[in-house]
Structures are given as C-alpha cells and as structure tokens.
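Data file: my_file35.txt. Format and content: compact mmCIF, N, CA and C atoms.
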# COMPACT_ATOMS: atom_id res chain seq x y z
N MET O 8 103.32 80.89 101.54
CA MET O 8 102.00 81.28 101.09
C MET O 8 101.93 81.01 99.59
N PRO O 9 100.93 80.29 99.12
CA PRO O 9 100.84 80.03 97.69
C PRO O 9 100.46 81.28 96.93
N LYS O 10 100.91 81.34 95.70
CA LYS O 10 100.57 82.47 94.85
C LYS O 10 99.11 82.36 94.44
N GLN O 11 98.47 83.50 94.25
CA GLN O 11 97.10 83.51 93.79
C GLN O 11 97.11 83.76 92.30
N ALA O 12 96.39 82.95 91.57
CA ALA O 12 96.33 83.11 90.13
C ALA O 12 95.79 84.49 89.78
N GLY O 13 96.44 85.13 88.84
CA GLY O 13 95.99 86.43 88.37
C GLY O 13 96.34 87.58 89.29
N SER O 14 97.07 87.35 90.34
CA SER O 14 97.41 88.41 91.28
C SER O 14 98.49 89.29 90.69
N LEU O 15 98.22 90.57 90.59
CA LEU O 15 99.22 91.52 90.10
C LEU O 15 100.40 91.60 91.06
N ARG O 16 100.12 91.39 92.33
CA ARG O 16 101.15 91.50 93.35
C ARG O 16 102.28 90.51 93.11
N TYR O 17 101.97 89.34 92.56
CA TYR O 17 102.97 88.31 92.36
C TYR O 17 103.33 88.13 90.90
N SER O 18 102.77 88.92 90.02
CA SER O 18 102.98 88.74 88.59
C SER O 18 104.40 89.10 88.18
N ARG O 19 105.02 88.23 87.41
CA ARG O 19 106.34 88.49 86.87
C ARG O 19 106.31 88.34 85.36
N ILE O 20 105.16 88.39 84.79
CA ILE O 20 104.97 88.16 83.37
C ILE O 20 105.78 89.13 82.50
N ASN O 21 105.90 90.37 82.91
CA ASN O 21 106.63 91.35 82.12
C ASN O 21 108.04 91.60 82.62
N SER O 22 108.51 90.76 83.53
CA SER O 22 109.82 90.95 84.12
C SER O 22 110.93 90.57 83.14
N PRO O 23 111.95 91.43 82.96
CA PRO O 23 113.05 91.08 82.07
C PRO O 23 113.90 89.96 82.62
N SER O 24 113.74 89.63 83.91
CA SER O 24 114.57 88.57 84.48
C SER O 24 113.94 87.19 84.34
N LEU O 25 112.85 87.08 83.58
CA LEU O 25 112.25 85.79 83.34
C LEU O 25 113.03 85.07 82.25
N ALA O 26 113.32 83.82 82.50
CA ALA O 26 114.06 83.05 81.51
C ALA O 26 113.58 81.61 81.54
N PRO O 27 113.49 80.94 80.38
CA PRO O 27 113.05 79.55 80.40
C PRO O 27 114.15 78.66 80.98
N ASP O 28 113.75 77.70 81.78
CA ASP O 28 114.68 76.72 82.31
C ASP O 28 115.19 75.88 81.14
N THR O 29 116.49 75.66 81.07
CA THR O 29 117.07 74.97 79.91
C THR O 29 116.69 73.50 79.85
N VAL O 30 116.29 72.91 80.98
CA VAL O 30 115.91 71.50 80.99
C VAL O 30 114.42 71.34 80.74
N THR O 31 113.60 72.10 81.48
CA THR O 31 112.16 71.90 81.41
C THR O 31 111.47 72.85 80.45
N GLY O 32 112.11 73.96 80.10
CA GLY O 32 111.46 74.96 79.27
C GLY O 32 110.49 75.84 80.03
N VAL O 33 110.36 75.62 81.33
CA VAL O 33 109.45 76.40 82.16
C VAL O 33 110.09 77.73 82.47
N ILE O 34 109.29 78.80 82.39
CA ILE O 34 109.80 80.13 82.70
C ILE O 34 109.84 80.31 84.20
N SER O 35 110.97 80.79 84.69
CA SER O 35 111.11 81.03 86.12
C SER O 35 111.91 82.31 86.34
N HIS O 36 111.76 82.86 87.54
CA HIS O 36 112.49 84.07 87.92
C HIS O 36 113.89 83.66 88.34
N GLN O 37 114.90 84.26 87.75
CA GLN O 37 116.27 83.94 88.11
C GLN O 37 117.00 85.22 88.50
N PRO O 38 116.85 85.65 89.76
CA PRO O 38 117.46 86.90 90.18
C PRO O 38 118.97 86.81 90.23
N THR O 39 119.62 87.95 90.05
CA THR O 39 121.07 88.00 90.15
C THR O 39 121.50 88.38 91.56
N PHE O 40 120.59 88.64 92.44
CA PHE O 40 120.87 88.96 93.83
C PHE O 40 119.68 88.49 94.65
N PRO O 41 119.86 88.23 95.94
CA PRO O 41 118.70 87.87 96.75
C PRO O 41 117.83 89.10 96.98
N MET O 42 116.54 88.85 97.13
CA MET O 42 115.64 89.96 97.44
C MET O 42 116.09 90.64 98.73
N LEU O 43 115.85 91.93 98.80
CA LEU O 43 116.18 92.72 99.98
C LEU O 43 114.94 92.79 100.86
N ILE O 44 115.10 92.41 102.11
CA ILE O 44 114.01 92.50 103.09
C ILE O 44 114.44 93.54 104.12
N VAL O 45 113.60 94.54 104.34
CA VAL O 45 113.92 95.60 105.29
C VAL O 45 112.89 95.57 106.42
N HIS O 46 113.37 95.55 107.65
CA HIS O 46 112.51 95.69 108.83
C HIS O 46 112.68 97.11 109.34
N VAL O 47 111.61 97.87 109.29
CA VAL O 47 111.63 99.25 109.79
C VAL O 47 110.96 99.25 111.16
N HIS O 48 111.70 99.68 112.17
CA HIS O 48 111.20 99.70 113.54
C HIS O 48 110.75 101.11 113.88
N VAL O 49 109.53 101.20 114.40
CA VAL O 49 108.95 102.51 114.71
C VAL O 49 108.31 102.46 116.08
N GLN O 50 108.60 103.48 116.89
CA GLN O 50 107.87 103.68 118.14
C GLN O 50 107.07 104.96 118.00
N VAL O 51 105.78 104.87 118.28
CA VAL O 51 104.84 105.97 118.08
C VAL O 51 104.43 106.54 119.43
N LYS O 52 104.16 107.83 119.46
CA LYS O 52 103.63 108.44 120.67
C LYS O 52 102.29 107.76 121.00
N PRO O 53 102.03 107.48 122.28
CA PRO O 53 100.80 106.74 122.64
C PRO O 53 99.51 107.36 122.10
N GLU O 54 99.45 108.66 122.10
CA GLU O 54 98.23 109.34 121.63
C GLU O 54 98.13 109.37 120.10
N CYS O 55 99.13 108.86 119.41
CA CYS O 55 99.18 108.94 117.95
C CYS O 55 99.07 107.58 117.25
N VAL O 56 98.82 106.53 118.02
CA VAL O 56 98.80 105.17 117.45
C VAL O 56 97.81 105.04 116.31
N GLU O 57 96.58 105.48 116.51
CA GLU O 57 95.55 105.30 115.46
C GLU O 57 95.87 106.13 114.22
N ALA O 58 96.36 107.33 114.39
CA ALA O 58 96.74 108.16 113.24
C ALA O 58 97.91 107.52 112.48
N PHE O 59 98.87 106.98 113.22
CA PHE O 59 100.00 106.31 112.58
C PHE O 59 99.52 105.09 111.79
N LYS O 60 98.65 104.29 112.39
CA LYS O 60 98.14 103.11 111.70
C LYS O 60 97.42 103.50 110.42
N ALA O 61 96.61 104.53 110.46
CA ALA O 61 95.87 104.96 109.27
C ALA O 61 96.83 105.40 108.16
N ALA O 62 97.81 106.21 108.50
CA ALA O 62 98.77 106.68 107.49
C ALA O 62 99.60 105.52 106.95
N THR O 63 99.99 104.60 107.82
CA THR O 63 100.84 103.49 107.41
C THR O 63 100.08 102.49 106.57
N LEU O 64 98.83 102.22 106.88
CA LEU O 64 98.04 101.32 106.06
C LEU O 64 97.79 101.89 104.67
N ALA O 65 97.57 103.20 104.56
CA ALA O 65 97.41 103.82 103.24
C ALA O 65 98.69 103.65 102.42
N ASN O 66 99.84 103.85 103.05
CA ASN O 66 101.11 103.67 102.37
C ASN O 66 101.32 102.21 101.97
N ALA O 67 101.03 101.29 102.86
CA ALA O 67 101.23 99.86 102.58
C ALA O 67 100.35 99.41 101.41
N ARG O 68 99.09 99.83 101.41
CA ARG O 68 98.18 99.42 100.33
C ARG O 68 98.66 99.93 98.97
N ALA O 69 99.19 101.13 98.94
CA ALA O 69 99.72 101.66 97.67
C ALA O 69 101.07 101.02 97.33
N SER O 70 101.87 100.73 98.33
CA SER O 70 103.20 100.17 98.10
C SER O 70 103.15 98.80 97.45
N VAL O 71 102.22 97.95 97.84
CA VAL O 71 102.16 96.61 97.26
C VAL O 71 101.74 96.63 95.79
N GLN O 72 101.32 97.79 95.29
CA GLN O 72 101.01 97.92 93.87
C GLN O 72 102.25 98.25 93.05
N GLU O 73 103.34 98.61 93.70
CA GLU O 73 104.59 98.92 92.99
C GLU O 73 105.20 97.63 92.45
N PRO O 74 105.69 97.64 91.21
CA PRO O 74 106.27 96.42 90.65
C PRO O 74 107.50 95.92 91.40
N GLY O 75 108.24 96.78 92.07
CA GLY O 75 109.46 96.38 92.76
C GLY O 75 109.24 95.88 94.17
N ILE O 76 108.00 95.92 94.66
CA ILE O 76 107.73 95.48 96.02
C ILE O 76 106.94 94.17 95.98
N ALA O 77 107.53 93.14 96.59
CA ALA O 77 106.88 91.83 96.65
C ALA O 77 105.92 91.75 97.83
N ARG O 78 106.24 92.48 98.88
CA ARG O 78 105.44 92.38 100.10
C ARG O 78 105.69 93.61 100.96
N PHE O 79 104.66 94.04 101.69
CA PHE O 79 104.79 95.18 102.60
C PHE O 79 103.86 94.91 103.77
N ASP O 80 104.43 94.41 104.86
CA ASP O 80 103.63 94.04 106.04
C ASP O 80 103.72 95.13 107.10
N VAL O 81 102.64 95.31 107.82
CA VAL O 81 102.59 96.24 108.95
C VAL O 81 102.26 95.40 110.18
N CYS O 82 103.18 95.38 111.15
CA CYS O 82 103.01 94.58 112.35
C CYS O 82 103.04 95.49 113.58
N GLN O 83 102.10 95.25 114.49
CA GLN O 83 102.03 96.02 115.74
C GLN O 83 102.41 95.08 116.88
N GLN O 84 103.29 95.52 117.76
CA GLN O 84 103.75 94.69 118.86
C GLN O 84 102.60 94.38 119.80
N ALA O 85 102.45 93.10 120.17
CA ALA O 85 101.32 92.66 120.99
C ALA O 85 101.33 93.24 122.39
N ASP O 86 102.51 93.34 123.01
CA ASP O 86 102.56 93.80 124.39
C ASP O 86 102.90 95.29 124.53
N ASP O 87 103.08 95.98 123.42
CA ASP O 87 103.32 97.43 123.44
C ASP O 87 102.77 98.01 122.13
N PRO O 88 101.52 98.44 122.13
CA PRO O 88 100.88 98.89 120.89
C PRO O 88 101.47 100.16 120.28
N THR O 89 102.46 100.76 120.93
CA THR O 89 103.12 101.93 120.34
C THR O 89 104.28 101.53 119.45
N ARG O 90 104.60 100.25 119.40
CA ARG O 90 105.74 99.77 118.60
C ARG O 90 105.26 98.99 117.38
N PHE O 91 105.88 99.30 116.25
CA PHE O 91 105.53 98.69 114.98
C PHE O 91 106.79 98.22 114.27
N VAL O 92 106.62 97.21 113.42
CA VAL O 92 107.65 96.80 112.48
C VAL O 92 107.01 96.75 111.11
N LEU O 93 107.62 97.44 110.16
CA LEU O 93 107.19 97.37 108.77
C LEU O 93 108.16 96.42 108.08
N VAL O 94 107.64 95.41 107.44
CA VAL O 94 108.47 94.41 106.75
C VAL O 94 108.28 94.64 105.26
N GLU O 95 109.34 95.12 104.62
CA GLU O 95 109.29 95.49 103.21
C GLU O 95 110.18 94.54 102.41
N ALA O 96 109.62 93.87 101.41
CA ALA O 96 110.38 92.94 100.58
C ALA O 96 110.50 93.52 99.17
N TYR O 97 111.74 93.80 98.77
CA TYR O 97 112.01 94.43 97.49
C TYR O 97 112.58 93.42 96.49
N ARG O 98 112.07 93.45 95.26
CA ARG O 98 112.47 92.51 94.21
C ARG O 98 113.82 92.85 93.58
N THR O 99 114.19 94.13 93.52
CA THR O 99 115.40 94.55 92.82
C THR O 99 116.18 95.53 93.68
N PRO O 100 117.46 95.71 93.38
CA PRO O 100 118.25 96.69 94.15
C PRO O 100 117.74 98.12 93.97
N GLU O 101 117.09 98.41 92.84
CA GLU O 101 116.60 99.76 92.57
C GLU O 101 115.25 100.05 93.24
N ALA O 102 114.54 99.01 93.65
CA ALA O 102 113.18 99.18 94.16
C ALA O 102 113.07 100.07 95.40
N PRO O 103 113.98 99.98 96.39
CA PRO O 103 113.83 100.86 97.55
C PRO O 103 113.91 102.35 97.17
N ALA O 104 114.84 102.69 96.29
CA ALA O 104 114.95 104.10 95.87
C ALA O 104 113.72 104.53 95.09
N ALA O 105 113.21 103.64 94.24
CA ALA O 105 111.99 103.97 93.48
C ALA O 105 110.81 104.17 94.42
N HIS O 106 110.71 103.33 95.43
CA HIS O 106 109.63 103.45 96.42
C HIS O 106 109.66 104.82 97.09
N LYS O 107 110.85 105.29 97.40
CA LYS O 107 110.97 106.57 98.10
C LYS O 107 110.68 107.78 97.22
N THR O 108 110.48 107.57 95.92
CA THR O 108 110.10 108.68 95.03
C THR O 108 108.60 108.78 94.83
N THR O 109 107.83 107.85 95.39
CA THR O 109 106.38 107.83 95.16
C THR O 109 105.66 108.86 96.02
N ALA O 110 104.52 109.28 95.54
CA ALA O 110 103.70 110.24 96.29
C ALA O 110 103.19 109.62 97.59
N HIS O 111 102.83 108.33 97.56
CA HIS O 111 102.31 107.72 98.79
C HIS O 111 103.39 107.60 99.86
N TYR O 112 104.64 107.36 99.48
CA TYR O 112 105.72 107.32 100.48
C TYR O 112 105.93 108.72 101.07
N ALA O 113 105.96 109.73 100.22
CA ALA O 113 106.15 111.11 100.71
C ALA O 113 105.02 111.51 101.66
N ALA O 114 103.79 111.14 101.31
CA ALA O 114 102.65 111.46 102.17
C ALA O 114 102.78 110.74 103.52
N TRP O 115 103.20 109.45 103.46
CA TRP O 115 103.38 108.70 104.71
C TRP O 115 104.48 109.33 105.56
N ARG O 116 105.62 109.60 104.95
CA ARG O 116 106.76 110.18 105.67
C ARG O 116 106.35 111.48 106.36
N ASP O 117 105.68 112.35 105.62
CA ASP O 117 105.29 113.64 106.17
C ASP O 117 104.24 113.51 107.28
N ALA O 118 103.33 112.54 107.13
CA ALA O 118 102.29 112.34 108.16
C ALA O 118 102.83 111.58 109.36
N ALA O 119 103.67 110.58 109.13
CA ALA O 119 104.10 109.68 110.21
C ALA O 119 105.23 110.24 111.07
N THR O 120 106.13 110.99 110.49
CA THR O 120 107.30 111.45 111.25
C THR O 120 106.93 112.19 112.53
N PRO O 121 105.99 113.15 112.50
CA PRO O 121 105.67 113.84 113.76
C PRO O 121 104.93 112.97 114.78
N LEU O 122 104.45 111.79 114.35
CA LEU O 122 103.73 110.89 115.25
C LEU O 122 104.68 109.97 116.01
N MET O 123 105.94 109.95 115.61
CA MET O 123 106.92 109.03 116.18
C MET O 123 107.50 109.57 117.48
N ALA O 124 107.70 108.64 118.44
CA ALA O 124 108.31 108.99 119.72
C ALA O 124 109.83 109.09 119.60
N ALA O 125 110.38 108.44 118.58
CA ALA O 125 111.83 108.44 118.33
C ALA O 125 112.02 108.22 116.83
N PRO O 126 113.16 108.59 116.29
CA PRO O 126 113.40 108.34 114.87
C PRO O 126 113.31 106.84 114.55
N ARG O 127 112.75 106.51 113.40
CA ARG O 127 112.65 105.10 113.00
C ARG O 127 114.03 104.56 112.67
N THR O 128 114.18 103.27 112.82
CA THR O 128 115.42 102.59 112.48
C THR O 128 115.10 101.44 111.53
N SER O 129 116.11 100.95 110.83
CA SER O 129 115.86 99.82 109.95
C SER O 129 117.03 98.86 109.97
N VAL O 130 116.71 97.62 109.62
CA VAL O 130 117.70 96.56 109.50
C VAL O 130 117.44 95.89 108.16
N LYS O 131 118.51 95.68 107.38
CA LYS O 131 118.39 95.08 106.05
C LYS O 131 118.82 93.62 106.10
N PHE O 132 118.06 92.78 105.38
CA PHE O 132 118.33 91.35 105.31
C PHE O 132 118.34 90.91 103.86
N ALA O 133 119.11 89.87 103.56
CA ALA O 133 119.06 89.21 102.26
C ALA O 133 118.13 88.02 102.41
N ASN O 134 117.24 87.84 101.45
CA ASN O 134 116.30 86.72 101.51
C ASN O 134 117.04 85.39 101.40
N VAL O 135 116.63 84.42 102.24
CA VAL O 135 117.17 83.08 102.19
C VAL O 135 116.06 82.08 101.83
N PHE O 136 114.91 82.19 102.50
CA PHE O 136 113.78 81.30 102.24
C PHE O 136 112.50 82.02 102.56
N PRO O 137 111.45 81.87 101.77
CA PRO O 137 111.39 81.02 100.59
C PRO O 137 112.23 81.60 99.46
N GLU O 138 112.55 80.77 98.48
CA GLU O 138 113.32 81.26 97.34
C GLU O 138 112.61 82.45 96.73
N ASP O 139 113.39 83.36 96.14
CA ASP O 139 112.82 84.58 95.57
C ASP O 139 111.68 84.27 94.60
N SER O 140 111.81 83.20 93.84
CA SER O 140 110.78 82.87 92.85
C SER O 140 109.45 82.48 93.50
N ALA O 141 109.45 82.20 94.79
CA ALA O 141 108.23 81.82 95.48
C ALA O 141 107.44 83.02 95.99
N TRP O 142 107.99 84.20 95.89
CA TRP O 142 107.30 85.41 96.38
C TRP O 142 106.28 85.85 95.39
Output the file's structure in the form of structure tokens.
Amino acid sequence: MPKQAGSLRYSRINSPSLAPDTVTGVISHQPTFPMLIVHVHVQVKPECVEAFKAATLANARASVQEPGIARFDVCQQADDPTRFVLVEAYRTPEAPAAHKTTAHYAAWRDAATPLMAAPRTSVKFANVFPEDSAW
C-alpha cells in the first residue's frame, strides 16, 4: 500500500531512527530490529458480536494514532462471524507495552473480555515484507 502524503499514521519525521543514506543522502528508516506483528485471535459469544465490534473499532481507531503502531487491522472470519483476528504492527520493541498503558486499550480490555467465548490468544511474527521502511 503506498504511503499517503501528510499522513500522521506513516510519518517518521520526528523518529530518532531516521538517518541519511550515505550514498544518496536520502533520509530513510533504519530499524535495529524487524517490526513486530501480532495476530490476536478472539472468539466472541454469538450474542456479543456487535458489541465486540464496536469496542474493538474504537480501540483500533485510537491505536493507529499511537506513534509506535504502524497498523491495527480488525478482521472478522467470513464463515464464522464470532471469530476475529486483530493484526497489530508495532514499530519498536517498546510499543506493545506502551499500547497496553493507554486508556483506550484499558477500555477495550474491560469491555471486550466479558464478550469473549474463550480467552484470546496471540501469535508474534517478525516482519519480512514489505520492508519496515515501507510501512
């Protein structure tokens, strides 16, 4: 997905990890680790799907405003609408912990947990493609 000019979501203008390329002089993001991608798997009680979606969308909209989050997707399974995957892309190793200190995460956790049919699970991935600088 191409970056949108002026988008705060993709802005790295104030990032301390920006450095000019020694050959071209162009500033680029040079991470010391690959971005962390987390897939959070959630199964919701059938009668709670709409409430879960509302709480999760509020959290996602606030989460993408955090400087440490590159992306926060909410996906609903096509053949079982009670199952969701949240795809969270973090720019730094500290970003997941920072995310969990926000008011919107706490509000989501408190609202969403009783709506779940089972405890949520997660799987962590290291980004391979697109390159971190393309996020």
Between atom N of O:Pro103 and atom CA of O:Cys55 - distance in Å to one decimal: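 Going from atom CA of O:Cys55 over to atom N of O:Pro103, I get 27.6 Å.
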Please compute the atom CA of O:Glu57-atom CA of O:Asp80 distance, one decimal, in Å. 16.8 Å
Just the alpha helix (DSSP H) stuff from stretch 40-131 of chain O, please, per backbone DSSP, written as a PDB file with N, CA and C atoms, in the coordinates of the input.
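Ended up saving to selection13.pdb:
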ATOM      1  N   VAL O  56      98.820 106.530 118.020  1.00  0.00           N
ATOM      2  CA  VAL O  56      98.800 105.170 117.450  1.00  0.00           C
ATOM      3  C   VAL O  56      97.810 105.040 116.310  1.00  0.00           C
ATOM      4  N   GLU O  57      96.580 105.480 116.510  1.00  0.00           N
ATOM      5  CA  GLU O  57      95.550 105.300 115.460  1.00  0.00           C
ATOM      6  C   GLU O  57      95.870 106.130 114.220  1.00  0.00           C
ATOM      7  N   ALA O  58      96.360 107.330 114.390  1.00  0.00           N
ATOM      8  CA  ALA O  58      96.740 108.160 113.240  1.00  0.00           C
ATOM      9  C   ALA O  58      97.910 107.520 112.480  1.00  0.00           C
ATOM     10  N   PHE O  59      98.870 106.980 113.220  1.00  0.00           N
ATOM     11  CA  PHE O  59     100.000 106.310 112.580  1.00  0.00           C
ATOM     12  C   PHE O  59      99.520 105.090 111.790  1.00  0.00           C
ATOM     13  N   LYS O  60      98.650 104.290 112.390  1.00  0.00           N
ATOM     14  CA  LYS O  60      98.140 103.110 111.700  1.00  0.00           C
ATOM     15  C   LYS O  60      97.420 103.500 110.420  1.00  0.00           C
ATOM     16  N   ALA O  61      96.610 104.530 110.460  1.00  0.00           N
ATOM     17  CA  ALA O  61      95.870 104.960 109.270  1.00  0.00           C
ATOM     18  C   ALA O  61      96.830 105.400 108.160  1.00  0.00           C
ATOM     19  N   ALA O  62      97.810 106.210 108.500  1.00  0.00           N
ATOM     20  CA  ALA O  62      98.770 106.680 107.490  1.00  0.00           C
ATOM     21  C   ALA O  62      99.600 105.520 106.950  1.00  0.00           C
ATOM     22  N   THR O  63      99.990 104.600 107.820  1.00  0.00           N
ATOM     23  CA  THR O  63     100.840 103.490 107.410  1.00  0.00           C
ATOM     24  C   THR O  63     100.080 102.490 106.570  1.00  0.00           C
ATOM     25  N   LEU O  64      98.830 102.220 106.880  1.00  0.00           N
ATOM     26  CA  LEU O  64      98.040 101.320 106.060  1.00  0.00           C
ATOM     27  C   LEU O  64      97.790 101.890 104.670  1.00  0.00           C
ATOM     28  N   ALA O  65      97.570 103.200 104.560  1.00  0.00           N
ATOM     29  CA  ALA O  65      97.410 103.820 103.240  1.00  0.00           C
ATOM     30  C   ALA O  65      98.690 103.650 102.420  1.00  0.00           C
ATOM     31  N   ASN O  66      99.840 103.850 103.050  1.00  0.00           N
ATOM     32  CA  ASN O  66     101.110 103.670 102.370  1.00  0.00           C
ATOM     33  C   ASN O  66     101.320 102.210 101.970  1.00  0.00           C
ATOM     34  N   ALA O  67     101.030 101.290 102.860  1.00  0.00           N
ATOM     35  CA  ALA O  67     101.230  99.860 102.580  1.00  0.00           C
ATOM     36  C   ALA O  67     100.350  99.410 101.410  1.00  0.00           C
ATOM     37  N   ARG O  68      99.090  99.830 101.410  1.00  0.00           N
ATOM     38  CA  ARG O  68      98.180  99.420 100.330  1.00  0.00           C
ATOM     39  C   ARG O  68      98.660  99.930  98.970  1.00  0.00           C
ATOM     40  N   ALA O  69      99.190 101.130  98.940  1.00  0.00           N
ATOM     41  CA  ALA O  69      99.720 101.660  97.670  1.00  0.00           C
ATOM     42  C   ALA O  69     101.070 101.020  97.330  1.00  0.00           C
ATOM     43  N   SER O  70     101.870 100.730  98.330  1.00  0.00           N
ATOM     44  CA  SER O  70     103.200 100.170  98.100  1.00  0.00           C
ATOM     45  C   SER O  70     103.150  98.800  97.450  1.00  0.00           C
ATOM     46  N   ALA O 102     114.540  99.010  93.650  1.00  0.00           N
ATOM     47  CA  ALA O 102     113.180  99.180  94.160  1.00  0.00           C
ATOM     48  C   ALA O 102     113.070 100.070  95.400  1.00  0.00           C
ATOM     49  N   PRO O 103     113.980  99.980  96.390  1.00  0.00           N
ATOM     50  CA  PRO O 103     113.830 100.860  97.550  1.00  0.00           C
ATOM     51  C   PRO O 103     113.910 102.350  97.170  1.00  0.00           C
ATOM     52  N   ALA O 104     114.840 102.690  96.290  1.00  0.00           N
ATOM     53  CA  ALA O 104     114.950 104.100  95.870  1.00  0.00           C
ATOM     54  C   ALA O 104     113.720 104.530  95.090  1.00  0.00           C
ATOM     55  N   ALA O 105     113.210 103.640  94.240  1.00  0.00           N
ATOM     56  CA  ALA O 105     111.990 103.970  93.480  1.00  0.00           C
ATOM     57  C   ALA O 105     110.810 104.170  94.420  1.00  0.00           C
ATOM     58  N   HIS O 106     110.710 103.330  95.430  1.00  0.00           N
ATOM     59  CA  HIS O 106     109.630 103.450  96.420  1.00  0.00           C
ATOM     60  C   HIS O 106     109.660 104.820  97.090  1.00  0.00           C
ATOM     61  N   ALA O 110     104.520 109.280  95.540  1.00  0.00           N
ATOM     62  CA  ALA O 110     103.700 110.240  96.290  1.00  0.00           C
ATOM     63  C   ALA O 110     103.190 109.620  97.590  1.00  0.00           C
ATOM     64  N   HIS O 111     102.830 108.330  97.560  1.00  0.00           N
ATOM     65  CA  HIS O 111     102.310 107.720  98.790  1.00  0.00           C
ATOM     66  C   HIS O 111     103.390 107.600  99.860  1.00  0.00           C
ATOM     67  N   TYR O 112     104.640 107.360  99.480  1.00  0.00           N
ATOM     68  CA  TYR O 112     105.720 107.320 100.480  1.00  0.00           C
ATOM     69  C   TYR O 112     105.930 108.720 101.070  1.00  0.00           C
ATOM     70  N   ALA O 113     105.960 109.730 100.220  1.00  0.00           N
ATOM     71  CA  ALA O 113     106.150 111.110 100.710  1.00  0.00           C
ATOM     72  C   ALA O 113     105.020 111.510 101.660  1.00  0.00           C
ATOM     73  N   ALA O 114     103.790 111.140 101.310  1.00  0.00           N
ATOM     74  CA  ALA O 114     102.650 111.460 102.170  1.00  0.00           C
ATOM     75  C   ALA O 114     102.780 110.740 103.520  1.00  0.00           C
ATOM     76  N   TRP O 115     103.200 109.450 103.460  1.00  0.00           N
ATOM     77  CA  TRP O 115     103.380 108.700 104.710  1.00  0.00           C
ATOM     78  C   TRP O 115     104.480 109.330 105.560  1.00  0.00           C
ATOM     79  N   ARG O 116     105.620 109.600 104.950  1.00  0.00           N
ATOM     80  CA  ARG O 116     106.760 110.180 105.670  1.00  0.00           C
ATOM     81  C   ARG O 116     106.350 111.480 106.360  1.00  0.00           C
ATOM     82  N   ASP O 117     105.680 112.350 105.620  1.00  0.00           N
ATOM     83  CA  ASP O 117     105.290 113.640 106.170  1.00  0.00           C
ATOM     84  C   ASP O 117     104.240 113.510 107.280  1.00  0.00           C
ATOM     85  N   ALA O 118     103.330 112.540 107.130  1.00  0.00           N
ATOM     86  CA  ALA O 118     102.290 112.340 108.160  1.00  0.00           C
ATOM     87  C   ALA O 118     102.830 111.580 109.360  1.00  0.00           C
ATOM     88  N   ALA O 119     103.670 110.580 109.130  1.00  0.00           N
ATOM     89  CA  ALA O 119     104.100 109.680 110.210  1.00  0.00           C
ATOM     90  C   ALA O 119     105.230 110.240 111.070  1.00  0.00           C
TER      91      ALA O 119
END
Counting only N, CA and C atoms, which of O:Val135, O:Val49, O:Val81, O:Gly75 gets nearest to O:Glu101? O:Gly75
Find the residue from O:Val94, O:Val130, O:Ala118, O:Ala102 that sits nearest to O:Ala62; use only N, CA and C atoms when measuring. O:Ala118
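Distances here use all atoms listed in the file; by that measure, the residue among O:Thr109, O:Ala114, O:Phe132, O:Val92 closest to O:Gln50 is O:Val92.
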Within 10 Å of (102.6, 96.3, 116.7), only C-alpha atoms: residues as a PyMOL selection string? chain O and resi 48-50+56+60+81-93
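If you look at atom CA of O:Lys131 and atom CA of O:Val45, they are 4.6 Å away from each other.
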Report as a ChimeraX atom specification: the residues of stretch 36-138 of chain O with a DSSP assignment of strand (DSSP E or B), based on the backbone of this structure. /O:36,43-51,76-83,90-97,123,128-133
